[in-house]
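Asks: What follows is the file final-v2.csv, containing CSV, C-alpha atoms and all ligand atoms:
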chain,number,residue,atom,x,y,z
A,30,THR,CA,-37.0,-35.6,-18.5
A,31,ALA,CA,-36.7,-39.4,-18.2
A,32,ASP,CA,-35.1,-38.9,-14.8
A,33,SER,CA,-38.0,-37.0,-13.2
A,34,GLU,CA,-40.3,-39.7,-14.5
A,35,THR,CA,-38.6,-42.5,-12.6
A,36,SER,CA,-36.9,-40.8,-9.7
A,37,LEU,CA,-39.0,-40.7,-6.6
A,38,ARG,CA,-39.2,-37.4,-4.9
A,39,ILE,CA,-39.7,-37.7,-1.1
A,40,ALA,CA,-40.4,-34.9,1.3
A,41,LEU,CA,-39.4,-34.9,4.9
A,42,GLN,CA,-39.1,-32.4,7.7
A,43,LYS,CA,-36.0,-30.3,7.4
A,44,ASP,CA,-35.4,-29.4,11.0
A,45,GLY,CA,-37.5,-31.0,13.7
A,46,ARG,CA,-38.4,-34.0,15.8
A,47,LEU,CA,-39.0,-36.2,12.8
A,48,THR,CA,-35.8,-35.4,10.8
A,49,ASP,CA,-33.2,-37.7,12.4
A,50,LYS,CA,-35.6,-40.5,12.8
A,51,THR,CA,-36.8,-40.3,9.2
A,52,ILE,CA,-33.2,-40.2,7.9
A,53,ASN,CA,-32.4,-43.2,10.2
A,54,LEU,CA,-35.3,-45.1,8.7
A,55,LEU,CA,-34.2,-44.3,5.2
A,56,GLU,CA,-30.6,-45.3,6.0
A,57,GLY,CA,-31.9,-48.4,7.8
A,58,ILE,CA,-33.6,-49.6,4.6
A,59,GLY,CA,-30.3,-49.2,2.8
A,60,LEU,CA,-30.5,-45.8,1.1
A,61,GLN,CA,-27.2,-43.8,1.1
A,62,PHE,CA,-27.0,-40.0,1.2
A,63,ASP,CA,-24.4,-37.4,1.6
A,64,ASN,CA,-24.5,-35.4,4.8
A,65,TYR,CA,-28.1,-34.2,4.9
A,66,LYS,CA,-27.5,-31.1,7.1
A,67,ARG,CA,-26.0,-29.3,4.1
A,68,SER,CA,-28.8,-29.4,1.6
A,69,LEU,CA,-32.5,-29.0,0.9
A,70,MET,CA,-32.4,-31.5,-1.9
A,71,LEU,CA,-30.4,-34.7,-1.6
A,72,LYS,CA,-29.9,-37.4,-4.2
A,73,CYS,CA,-29.7,-40.9,-3.1
A,74,ARG,CA,-26.5,-42.6,-4.2
A,75,ASN,CA,-27.9,-46.1,-4.6
A,76,PHE,CA,-31.6,-45.9,-5.2
A,77,ASP,CA,-33.6,-43.7,-7.6
A,78,VAL,CA,-34.8,-41.3,-4.9
A,79,GLU,CA,-34.3,-37.7,-4.1
A,80,LEU,CA,-35.1,-36.1,-0.8
A,81,LEU,CA,-36.6,-32.7,-0.3
A,82,LEU,CA,-36.1,-31.3,3.2
A,83,ILE,CA,-38.8,-28.7,3.9
A,84,ARG,CA,-41.0,-27.4,6.8
A,85,ASP,CA,-43.3,-30.1,8.0
A,86,ASP,CA,-46.3,-27.9,7.5
A,87,ASP,CA,-45.6,-27.7,3.8
A,88,ILE,CA,-45.3,-31.5,3.2
A,89,PRO,CA,-49.0,-32.5,2.8
A,90,GLU,CA,-49.5,-29.8,0.2
A,91,TYR,CA,-46.4,-30.7,-1.7
A,92,VAL,CA,-47.5,-34.3,-1.8
A,93,GLN,CA,-51.1,-33.4,-2.6
A,94,ASP,CA,-50.0,-31.3,-5.6
A,95,GLY,CA,-47.6,-34.0,-6.8
A,96,VAL,CA,-44.5,-31.8,-6.3
A,97,CYS,CA,-43.4,-34.7,-4.2
A,98,ASP,CA,-44.5,-38.3,-4.7
A,99,LEU,CA,-44.2,-39.4,-1.1
A,100,GLY,CA,-43.8,-37.6,2.2
A,101,PHE,CA,-42.9,-38.4,5.8
A,102,VAL,CA,-45.0,-36.3,8.1
A,103,GLY,CA,-47.0,-36.3,11.3
A,104,ALA,CA,-50.6,-37.4,10.9
A,105,ASN,CA,-51.6,-34.1,12.7
A,106,VAL,CA,-50.2,-32.0,9.9
A,107,THR,CA,-52.0,-33.9,7.1
A,108,ALA,CA,-55.3,-34.0,9.1
A,109,GLU,CA,-55.2,-30.3,9.9
A,110,MET,CA,-54.8,-29.4,6.3
A,111,GLY,CA,-57.3,-32.0,5.1
A,112,ALA,CA,-54.9,-32.9,2.4
A,113,ASP,CA,-56.0,-35.1,-0.5
A,114,VAL,CA,-53.3,-37.8,-0.2
A,115,THR,CA,-53.2,-41.5,0.7
A,116,THR,CA,-51.6,-42.7,3.9
A,117,LEU,CA,-49.5,-45.7,3.0
A,118,ARG,CA,-48.1,-46.6,6.4
A,119,GLY,CA,-48.1,-45.5,10.0
A,120,LEU,CA,-44.6,-45.5,11.2
A,121,GLU,CA,-44.7,-45.7,15.0
A,122,TYR,CA,-42.3,-42.8,15.7
A,123,GLY,CA,-42.9,-39.2,16.4
A,124,MET,CA,-45.9,-40.2,18.5
A,125,CYS,CA,-47.7,-37.3,20.0
A,126,ARG,CA,-51.2,-36.1,20.7
A,127,LEU,CA,-53.1,-32.9,20.1
A,128,SER,CA,-54.7,-31.9,23.4
A,129,LEU,CA,-56.8,-29.1,24.9
A,130,ALA,CA,-55.0,-27.7,27.9
A,131,ALA,CA,-55.7,-25.0,30.3
A,132,LYS,CA,-54.1,-23.3,33.4
A,133,LYS,CA,-53.3,-25.8,36.1
A,134,ASP,CA,-55.8,-25.6,38.9
A,135,GLY,CA,-57.8,-23.0,36.9
A,136,ILE,CA,-61.6,-22.8,36.2
A,137,ILE,CA,-61.3,-25.1,33.1
A,138,LYS,CA,-61.5,-28.6,34.4
A,139,THR,CA,-63.4,-30.6,31.7
A,140,VAL,CA,-64.1,-30.2,28.0
A,141,SER,CA,-67.5,-28.5,28.6
A,142,ASP,CA,-65.7,-25.7,30.5
A,143,PHE,CA,-64.3,-24.6,27.1
A,144,GLU,CA,-67.7,-23.1,26.2
A,145,GLY,CA,-67.3,-19.4,25.5
A,146,LYS,CA,-63.5,-19.5,26.1
A,147,THR,CA,-60.7,-18.4,23.8
A,148,ILE,CA,-58.3,-21.1,22.6
A,149,ALA,CA,-54.9,-20.5,21.0
A,150,THR,CA,-53.7,-23.1,18.6
A,151,SER,CA,-51.8,-23.9,15.4
A,152,TYR,CA,-54.5,-26.5,14.6
A,153,PRO,CA,-57.6,-24.4,14.2
A,154,ASN,CA,-59.4,-26.9,11.9
A,155,LEU,CA,-58.9,-29.9,14.1
A,156,THR,CA,-59.8,-27.9,17.2
A,157,ARG,CA,-63.0,-26.4,15.8
A,158,LYS,CA,-64.1,-29.7,14.4
A,159,TYR,CA,-63.7,-31.4,17.7
A,160,LEU,CA,-65.5,-28.7,19.7
A,161,GLU,CA,-68.3,-28.5,17.2
A,162,GLY,CA,-68.7,-32.3,17.5
A,163,LYS,CA,-69.1,-31.8,21.2
A,164,GLY,CA,-71.6,-28.9,20.8
A,165,ILE,CA,-69.2,-26.5,22.4
A,166,SER,CA,-68.7,-23.0,21.0
A,167,SER,CA,-65.3,-21.4,21.7
A,168,LYS,CA,-63.3,-18.7,20.0
A,169,VAL,CA,-60.3,-20.3,18.2
A,170,VAL,CA,-57.3,-18.0,17.7
A,171,THR,CA,-54.7,-19.2,15.3
A,172,ILE,CA,-51.0,-18.8,16.3
A,173,SER,CA,-48.2,-20.3,14.4
A,174,GLY,CA,-45.8,-20.9,17.2
A,175,ALA,CA,-45.2,-20.7,21.0
A,176,VAL,CA,-48.8,-21.4,21.6
A,177,GLU,CA,-48.2,-22.4,25.2
A,178,ILE,CA,-47.4,-18.9,26.3
A,179,ALA,CA,-50.8,-17.5,25.1
A,180,PRO,CA,-52.6,-18.0,28.4
A,181,ARG,CA,-49.9,-16.2,30.4
A,182,LEU,CA,-50.0,-13.3,27.9
A,183,GLU,CA,-53.8,-13.3,28.3
A,184,VAL,CA,-54.4,-13.6,24.6
A,185,ALA,CA,-56.3,-16.9,25.3
A,186,ASP,CA,-57.9,-18.8,28.2
A,187,ALA,CA,-56.5,-22.1,27.0
A,188,VAL,CA,-54.6,-23.8,24.2
A,189,CYS,CA,-54.9,-26.8,21.9
A,190,ASP,CA,-51.3,-28.0,21.2
A,191,LEU,CA,-49.2,-31.0,20.5
A,192,VAL,CA,-48.0,-32.9,23.6
A,193,SER,CA,-45.3,-35.5,23.5
A,194,THR,CA,-43.5,-35.7,26.9
A,195,GLY,CA,-45.8,-33.0,28.4
A,196,ASN,CA,-42.7,-30.9,29.4
A,197,THR,CA,-43.8,-27.9,27.4
A,198,LEU,CA,-47.2,-27.8,29.1
A,199,ARG,CA,-45.8,-28.3,32.6
A,200,ALA,CA,-43.1,-25.6,32.1
A,201,ASN,CA,-45.9,-23.2,31.2
A,202,GLY,CA,-48.2,-24.0,34.1
A,203,LEU,CA,-50.7,-25.8,31.9
A,204,GLU,CA,-52.5,-29.1,32.3
A,205,GLU,CA,-53.9,-31.4,29.7
A,206,ILE,CA,-57.7,-31.5,29.8
A,207,GLU,CA,-58.6,-33.7,26.8
A,208,THR,CA,-56.8,-35.4,23.9
A,209,ILE,CA,-58.5,-34.6,20.6
A,210,PHE,CA,-56.2,-36.3,18.1
A,211,GLU,CA,-53.5,-39.1,18.4
A,212,SER,CA,-50.6,-38.7,15.9
A,213,GLU,CA,-47.6,-40.6,14.6
A,214,THR,CA,-45.4,-40.2,11.6
A,215,GLU,CA,-47.0,-41.4,8.4
A,216,LEU,CA,-45.7,-42.1,4.9
A,217,ILE,CA,-48.1,-40.4,2.6
A,218,ARG,CA,-48.5,-40.7,-1.2
A,219,THR,CA,-49.7,-38.3,-3.8
A,220,ASN,CA,-53.1,-39.1,-5.4
A,221,LYS,CA,-51.9,-37.8,-8.7
A,222,ASP,CA,-51.2,-40.3,-11.4
A,223,LEU,CA,-47.7,-41.7,-11.3
A,224,SER,CA,-45.7,-43.3,-14.1
A,225,PRO,CA,-45.4,-47.1,-14.1
A,226,GLY,CA,-41.7,-46.7,-13.2
A,227,LYS,CA,-42.5,-44.7,-10.1
A,228,LYS,CA,-45.2,-47.1,-9.0
A,229,LYS,CA,-42.7,-49.9,-9.2
A,230,LEU,CA,-40.2,-47.9,-7.1
A,231,ILE,CA,-42.8,-47.2,-4.5
A,232,GLU,CA,-43.6,-50.9,-4.2
A,233,LYS,CA,-39.9,-51.7,-3.8
A,234,PHE,CA,-39.6,-48.9,-1.2
A,235,LEU,CA,-42.6,-50.2,0.8
A,236,VAL,CA,-41.2,-53.8,0.8
A,237,ARG,CA,-38.0,-52.4,2.4
A,238,ILE,CA,-39.9,-50.3,4.9
A,239,ASP,CA,-42.1,-53.3,5.9
A,240,GLY,CA,-39.1,-55.5,6.3
A,241,HIS,CA,-37.4,-52.9,8.4
A,242,GLN,CA,-40.5,-52.3,10.6
A,243,GLN,CA,-40.9,-56.1,11.2
A,244,ALA,CA,-37.3,-56.5,12.1
A,245,GLY,CA,-37.6,-53.7,14.6
A,246,ARG,CA,-40.4,-55.4,16.5
A,301,LIG,C1,-44.6,-29.4,19.7
A,301,LIG,C2,-45.5,-28.5,20.5
A,301,LIG,C3,-44.7,-28.2,21.7
A,301,LIG,C4,-43.8,-29.4,21.9
A,301,LIG,C5,-44.4,-30.3,22.9
A,301,LIG,O1,-43.9,-28.7,18.8
A,301,LIG,O2,-45.9,-27.3,19.8
A,301,LIG,O3,-43.9,-27.0,21.4
A,301,LIG,O4,-43.8,-30.1,20.7
A,301,LIG,O5,-43.6,-31.4,23.3
A,301,LIG,P1,-43.4,-31.9,24.8
A,301,LIG,O6,-44.7,-32.3,25.3
A,301,LIG,O7,-42.4,-33.1,24.6
A,301,LIG,O8,-42.8,-30.8,25.5
A,301,LIG,P2,-43.1,-29.5,17.6
A,301,LIG,O9,-41.8,-29.9,18.1
A,301,LIG,O10,-43.9,-30.6,17.1
A,301,LIG,O11,-42.7,-28.5,16.5
A,301,LIG,P3,-43.5,-27.4,15.6
A,301,LIG,O12,-44.5,-26.8,16.6
A,301,LIG,O13,-42.5,-26.5,15.2
A,301,LIG,O14,-44.1,-28.1,14.4
A,302,ZN,ZN,-44.3,-27.5,12.3
A,303,MG,MG,-43.8,-26.4,18.8
Could you rewrite the structure in this file as structure tokens?
Ligand code: PRP
Ligand code: ZN
Ligand code: MG
Replies:
Amino acid sequence: TADSETSLRIALQKDGRLTDKTINLLEGIGLQFDNYKRSLMLKCRNFDVELLLIRDDDIPEYVQDGVCDLGFVGANVTAEMGADVTTLRGLEYGMCRLSLAAKKDGIIKTVSDFEGKTIATSYPNLTRKYLEGKGISSKVVTISGAVEIAPRLEVADAVCDLVSTGNTLRANGLEEIETIFESETELIRTNKDLSPGKKKLIEKFLVRIDGHQQAGR
């Protein structure tokens, strides 16, 4: 339809750390939506945009496949997937780091101590790549959530997980050994061909985002 050719579809995290901040940014650049807690798909009232609220882990793939034109997602998620997308902007919120961590005061004290150890993570690709780069061979076990309890359950010697405040690690008796990836929220764009109308809309959208970011400094 004519509508889907011009209306920008933008993915964002449905229910997580980036959700409110992303909605605030979109409202900050003048877009108006109905109460977003109610719906997975939201039409913007005053801009040719619709929002798709989905799991953050699904966003890079949706944008890669062109199901969504743009997405707001942590750089960690896009990098882990190795998604074929273009990063348009780094947005300086949702800052966090992906770090190797192990039991506090345990035998793992530096990155070389990970040799031969079992590491639980939701980021197996980034973890393996990093360790391979250091010439360290570890066993990487992929777990989709609550990674931080794996050492206590003795399913792993250590973890590689996202750290923001560090509270989760501390609460689980773990300490950070090495940061392997620094992350922030990014605005990503599909590499699929877009109609001239959509390209224009993206330009307008970026002008507003840049203005908003500069005003916030
Ligand atoms: C990350 C990570 C920890 C927590 C760390 O999860 O998996 O659970 O944040 O934050 P802290 O250092 O401030 O305690 P996230 O909220 O990104 O959600 P997800 O794992 O569901 O994607
Ligand atoms: Zn997630
Ligand atoms: Mg988590």
Asks: Taking (-59.1, -30.5, 16.1) in the file's coordinates, which residues come within 10 Å, counting all atoms listed in the file, written as a list in words?
Replies: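 Applying the cut-off with all atoms listed in the file, one gets Asn105, Ala108, Glu109, Leu127, Ser128, Leu129, Thr150, Ser151, Tyr152, Pro153, Asn154, Leu155, Thr156, Arg157, Lys158, Tyr159, Leu160, Glu161, Gly162, Cys189, Asp190, Thr208, Ile209 and Phe210 of chain A.
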Asks: Take the selection from the previous step and output its residues with C-alpha atoms, as a PDB file, keeping the file's coordinate frame.
Replies:
ATOM      1  CA  ASN A 105     -51.600 -34.100  12.700  1.00  0.00           C
ATOM      2  CA  ALA A 108     -55.300 -34.000   9.100  1.00  0.00           C
ATOM      3  CA  GLU A 109     -55.200 -30.300   9.900  1.00  0.00           C
ATOM      4  CA  LEU A 127     -53.100 -32.900  20.100  1.00  0.00           C
ATOM      5  CA  SER A 128     -54.700 -31.900  23.400  1.00  0.00           C
ATOM      6  CA  LEU A 129     -56.800 -29.100  24.900  1.00  0.00           C
ATOM      7  CA  THR A 150     -53.700 -23.100  18.600  1.00  0.00           C
ATOM      8  CA  SER A 151     -51.800 -23.900  15.400  1.00  0.00           C
ATOM      9  CA  TYR A 152     -54.500 -26.500  14.600  1.00  0.00           C
ATOM     10  CA  PRO A 153     -57.600 -24.400  14.200  1.00  0.00           C
ATOM     11  CA  ASN A 154     -59.400 -26.900  11.900  1.00  0.00           C
ATOM     12  CA  LEU A 155     -58.900 -29.900  14.100  1.00  0.00           C
ATOM     13  CA  THR A 156     -59.800 -27.900  17.200  1.00  0.00           C
ATOM     14  CA  ARG A 157     -63.000 -26.400  15.800  1.00  0.00           C
ATOM     15  CA  LYS A 158     -64.100 -29.700  14.400  1.00  0.00           C
ATOM     16  CA  TYR A 159     -63.700 -31.400  17.700  1.00  0.00           C
ATOM     17  CA  LEU A 160     -65.500 -28.700  19.700  1.00  0.00           C
ATOM     18  CA  GLU A 161     -68.300 -28.500  17.200  1.00  0.00           C
ATOM     19  CA  GLY A 162     -68.700 -32.300  17.500  1.00  0.00           C
ATOM     20  CA  CYS A 189     -54.900 -26.800  21.900  1.00  0.00           C
ATOM     21  CA  ASP A 190     -51.300 -28.000  21.200  1.00  0.00           C
ATOM     22  CA  THR A 208     -56.800 -35.400  23.900  1.00  0.00           C
ATOM     23  CA  ILE A 209     -58.500 -34.600  20.600  1.00  0.00           C
ATOM     24  CA  PHE A 210     -56.200 -36.300  18.100  1.00  0.00           C
TER      25      PHE A 210
END
Asks: Show me, as an NGL selection string, the residues that have an atom within 9 Å of Val140 of chain A when counting only C-alpha atoms, minus same-chain residues fewer than 3 positions from it.
Replies: :A and (129 or 137 or 143-144 or 160 or 163 or 165 or 206-207)
Asks: Produce as a PyMOL selection string the set of residues near ligand LIG 301 (chain A), where near means within 9 Å with all atoms listed in the file considered.
Replies: chain A and resi 44-47+84-86+103+106+123+125-127+150-151+173-177+190-200
Asks: Please dump the current selection as a JSON list (two decimals), in the frame of the given file; keep C-alpha atoms.
Replies:
[["chain", "number", "residue", "atom", "x", "y", "z"],
["A", 44, "ASP", "CA", -35.40, -29.40, 11.00],
["A", 45, "GLY", "CA", -37.50, -31.00, 13.70],
["A", 46, "ARG", "CA", -38.40, -34.00, 15.80],
["A", 47, "LEU", "CA", -39.00, -36.20, 12.80],
["A", 84, "ARG", "CA", -41.00, -27.40, 6.80],
["A", 85, "ASP", "CA", -43.30, -30.10, 8.00],
["A", 86, "ASP", "CA", -46.30, -27.90, 7.50],
["A", 103, "GLY", "CA", -47.00, -36.30, 11.30],
["A", 106, "VAL", "CA", -50.20, -32.00, 9.90],
["A", 123, "GLY", "CA", -42.90, -39.20, 16.40],
["A", 125, "CYS", "CA", -47.70, -37.30, 20.00],
["A", 126, "ARG", "CA", -51.20, -36.10, 20.70],
["A", 127, "LEU", "CA", -53.10, -32.90, 20.10],
["A", 150, "THR", "CA", -53.70, -23.10, 18.60],
["A", 151, "SER", "CA", -51.80, -23.90, 15.40],
["A", 173, "SER", "CA", -48.20, -20.30, 14.40],
["A", 174, "GLY", "CA", -45.80, -20.90, 17.20],
["A", 175, "ALA", "CA", -45.20, -20.70, 21.00],
["A", 176, "VAL", "CA", -48.80, -21.40, 21.60],
["A", 177, "GLU", "CA", -48.20, -22.40, 25.20],
["A", 190, "ASP", "CA", -51.30, -28.00, 21.20],
["A", 191, "LEU", "CA", -49.20, -31.00, 20.50],
["A", 192, "VAL", "CA", -48.00, -32.90, 23.60],
["A", 193, "SER", "CA", -45.30, -35.50, 23.50],
["A", 194, "THR", "CA", -43.50, -35.70, 26.90],
["A", 195, "GLY", "CA", -45.80, -33.00, 28.40],
["A", 196, "ASN", "CA", -42.70, -30.90, 29.40],
["A", 197, "THR", "CA", -43.80, -27.90, 27.40],
["A", 198, "LEU", "CA", -47.20, -27.80, 29.10],
["A", 199, "ARG", "CA", -45.80, -28.30, 32.60],
["A", 200, "ALA", "CA", -43.10, -25.60, 32.10]]
Asks: Go through A:Lys50, A:Lys138, A:Lys228, A:Arg237 one by one, measure the shortest atom-to-atom distance of each to Tyr122 of chain A using all atoms listed in the file, and give the residue with the smallest value.
Replies: A:Lys50
Asks: Kindly provide, as a ChimeraX atom specification, the polymer residues lying within 8 Å of (-41.4, -32.1, -3.2), counting all atoms listed in the file and using the coordinates exactly as they appear in the file.
Replies: /A:38-40,80-81,88,91-92,95-98
Asks: Excluding Leu54 of chain A and its own-chain neighbours fewer than 2 positions away, which residues fall within 12 Å of it when counting all atoms listed in the file? Please give them as a list in words.
Replies: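 Residues near the query, excluding close chain neighbours: Leu41, Leu47, Thr48, Asp49, Lys50, Thr51, Ile52, Glu56, Gly57, Ile58, Gly59, Leu60, Gln61, Phe101, Leu120, Glu121, Tyr122, Thr214, Leu216, Phe234, Leu235, Arg237, Ile238, Asp239, Gly240, His241, Gln242 and Gly245 of chain A.
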Asks: Extract, using all atoms listed in the file, all DNA, RNA and protein residues at most 7 Å from Gln93 of chain A, discarding same-chain residues fewer than 6 positions from it, and format them as a ChimeraX atom specification.
Replies: /A:112-114,219-220
Asks: What is the atom CA of Ser224 of chain A to atom CA of Leu55 of chain A distance in Å?
Replies: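 Atom-to-atom, atom CA of Ser224 of chain A and atom CA of Leu55 of chain A are spaced 22.5 Å apart.
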Asks: Given all atoms listed in the file as the basis, pick out the residue of A:Asp87, A:Asp63, A:Glu215, A:Glu183 nearest to ligand ZN 302 (chain A).
Replies: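 That would be A:Asp87, the residue with the smallest distance to ligand ZN 302 (chain A).
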Asks: Quick one: of A:Gln42, A:Thr115, A:Ser166, A:Thr171, who's nearest to ligand ZN 302 (chain A), counting only C-alpha atoms and all ligand atoms?
Replies: A:Gln42
Asks: Grab the atom CA of Val169 of chain A to atom CA of Met110 of chain A distance for me, in Å with one decimal place.
Replies: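 Interatomic distance here is 16.0 Å.
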Asks: In Å, rounded to a single decimal, give me how far atom CA of Phe62 of chain A is from atom CA of Arg74 of chain A.
Replies: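 The value is 6.0 Å.
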Asks: Pick from A:Ala244, A:Cys73, A:Ala131, A:Leu223: nearest to Ile178 of chain A, with all atoms listed in the file counted?
Replies: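 Checking each candidate against Ile178 of chain A, we get A:Ala131 as the closest.
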Asks: With distances taken over only C-alpha atoms, which residue among A:Ile231, A:Met70, A:Ile217, A:Val236 lies nearest Thr107 of chain A?
Replies: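 Residue with the minimum atom-to-atom distance to Thr107 of chain A: A:Ile217.
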Asks: Considering only C-alpha atoms and all ligand atoms, state which residue in the set A:Ala130, A:Ile136, A:Ala104, A:Ile172 is at the smallest distance from ligand MG 303 (chain A).
Replies: A:Ile172
